[in-house]
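A.B. asks: Provided herewith is a single structure, encoded as structure tokens, for subsequent inquiry.
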Amino acid sequence: MIASPSGGTPGTPTGSPSGTSVYDGWAVETPPVSDEAPPGAPHGPQLVVRTVATDDLPDSPTALVDRLPDTNALAWVRHGDGLVGWGEALRFETFGPGRFADADEAWRQVLDNAVVHDDVNLPGSGLVAFGSFAFDDVSPGDESEDPARASGVLIVPRVVVGRRGEKSWMTTISLVGDRSAPVGEDLLSAYPQQPVTEPGRVVLADGAVGAADWPAVVAEGIARIQTGELEKVVLARDVVATAEHPLDTRHLLGRLASAYDACWAFSVDGMVGATPELLVRSEKGLVASRVLAGTIRREHGVADADDADLLRAAQLARSSKDLEEHEFAVRSVAAALEPFCSSMNVPEAPFVLHLPNVMHLATDVTGVLTDQHAGSGAGSGARSGARSGRPAPSSLSLAAALHPSAAVCGTPTTAARSLIREIEGLDRARYAGPVGWVGAGGDGEWGIALRSAEISATDPRHIRLFAGCGIVAASDPQAELAESEAKLEPMRYALGVQP
């Protein structure tokens, strides 16, 4: 396990090695516990967490996003509810196939040492971490340029603001022994509100595989499916955007949270987007996953738009190609959740989810965790052990079990992932990987990083937009290209790029 420096106190450059120590992979800005510490002193970083109720959030889909003081934003917001955070108390980075297990174990160690005072006791209150993880176990990136790019990250903010229905709260998190970090009221004043900046003129260009060449990649996928090598593969493409000014994630989040409020608008460590697909939610022993597969583009600027939408929805619901693609995705999610559940509900037929740019076939899979897997679900509680002595799975470990689903990889998984590596020609990085948050009681929400983009870590004016399509034997390459263009619309809109 390798860690990179955590975000420091305001005014300290992120990544500065000065004063940085590592406890079991967590990077913190404080010296480790002294060898002369009394017996029983916690090993590793110890956090003190305080959550208090607030009542100062306006009723608006961007109320949480508007609280973010600067562009280093952490966010998970839908319909105005969710969590935002800023500052970094702890940061943990993971690599390769063990990225989920290493992060989950590190998180459990932090929970064991944390002292939490939670006056709210809702999922998302108390101690939380935001996370983002790579799609693949291996990265085909340029190793000479970026030899140690992390495959996953968990970030514990210094400040979290949350809302759930009519209740809102603020959480402050401090690290015991970190004398350089502000505390109390000083912690809030240490992050002054900076003006939100717009990107200015944005220029788009082809990514790793140009739009003119991508249908040939899709055609190769179809040919391999027709030989019986696999049943479905999800192929993605990217578009590169360069802005006139450094990108402010708050500007992107605000536009996404307003226009795509039925999606989960997110920002974690440079990944930003508005995903319509919930990989897993775990709360008080209940789990849910929203599966999307099968897409049709909405028509804008036509007369009788409502009638046109009804017609398109009916076409999607009757499409044998889209129904087949959707069935693969639902089966993979249900199979992955089944070992954790005592009972499950898998609807026989999907519904049509209407979004501003597209419609999807959607199925909400739900389940009840078995007794040995049921967590406490409380925001402030310690991890609940199983009655059989087995630890309850965190939402992160459930997300790891579900990833990659057929909705973003294919069927069978191994064959689809191998074909993606062979023909896609794209470094997905954290696109189509899990993104979300994990709480102290096993609760949390993790989406799939779709309708998303990755801001460059070296040039804040540079961003890569992603889109992918599920390919089956009946797919048409030009139709898939058109679908990918529709899926790029949310991030183009966020950037202010006209269609």
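In the structure tokens, each chain is lettered A, B, ... as it comes, each chain's residues begin at 1, and ligands are numbered from 1 in order of appearance.
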Among stretch 163-271 of chain A, which ones does DSSP assign to strand (DSSP E) (computed from the backbone)? Answer as number ranges by chain.
C.D. replies: A: 163-164, 167-175, 202-206, 232-243, 264-268, 271
A.B. asks: Apply DSSP to the structure's backbone, then extract all residues of stretch 196-347 of chain A labelled alpha helix (DSSP H) and return them as a ChimeraX atom specification.
C.D. replies: /A:214-226,249-259,305-318,320-337
A.B. asks: If you count only C-alpha atoms, which residues fall within 12 Å of A:Ile225, apart from same-chain ones fewer than 3 positions away, as a ChimeraX atom specification?
C.D. replies: /A:218-222,228-234,410-412,415-416,419,470-475
A.B. asks: Please provide the set of residues having any atom within 12 Å of stretch 332-348 of chain A, restricted to only C-alpha atoms, with same-chain residues fewer than 5 positions apart removed, written as a PyMOL selection string.
C.D. replies: chain A and resi 232+278-282+285-293+323+325-327+362-375+392-395+397-413
A.B. asks: Env of A:Asp261: 10 Å cut, atoms = only C-alpha atoms, seq-sep filter 3 positions within chain, self excluded. Answer as a list in words.
C.D. replies: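 Neighbouring residues, sequence-local ones excluded: Pro61, Thr62, Val77, Arg78, His79, Gly80, Asp81, Arg255, Leu256, Ala257, Ser258, Trp264, Ala265, Ala274, Pro276, Leu355 and Pro356 of chain A.
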A.B. asks: List the neighbours of A:Gly254 out to 10 Å using only C-alpha atoms; skip same-chain residues closer than 4 positions along the sequence, and give me the result as JSON, numbers by chain.
C.D. replies: {"A": [61, 62, 63, 64, 65, 66, 196, 249, 250, 258, 259, 260, 265, 494]}
A.B. asks: Could you state the separation of atom CA of A:Leu311 and atom CA of A:Gly468 in Å, given to one decimal place?
C.D. replies: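 Atom CA of A:Gly468 lies at a distance of 24.3 Å from atom CA of A:Leu311.
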A.B. asks: Have a look at atom CA of A:Gly44 and atom CA of A:Leu111 and let me know their distance in Å, one decimal.
C.D. replies: 10.7 Å
A.B. asks: Excluding stretch 49-51 of chain A and any residue of its chain fewer than 6 positions from it, enumerate the residues within 9 Å of it, using only C-alpha atoms, and give them as a list of chain:residue names.
C.D. replies: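 Answer for this query is A:Ala114, A:Val115, A:Val116, A:His117, A:Asp118, A:Asp119, A:Val120, A:Asn121, A:Ser125, A:Gly126, A:Leu127, A:Val160, A:Trp169, A:Met170, A:Thr171, A:Thr172, A:Ile173, A:Ser174, A:Leu175, A:Ser380.
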A.B. asks: One number please: atom CA of A:Glu489 to atom CA of A:Glu277, in Å, one decimal.
C.D. replies: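 Atom CA of A:Glu489 sits 16.2 Å away from atom CA of A:Glu277.
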A.B. asks: Using only C-alpha atoms, find the one residue out of A:Ile423, A:Met491, A:Ala482, A:Ile448 that sits nearest to A:Phe133.
C.D. replies: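 With only C-alpha atoms as the atom set, the closest residue is A:Ile448.
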A.B. asks: Measuring between only C-alpha atoms, which one of A:Val161, A:Val268, A:Arg318, A:Leu353 shows the shortest distance to A:Gly447?
C.D. replies: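 Of all the options, A:Val268 lies closest to A:Gly447.
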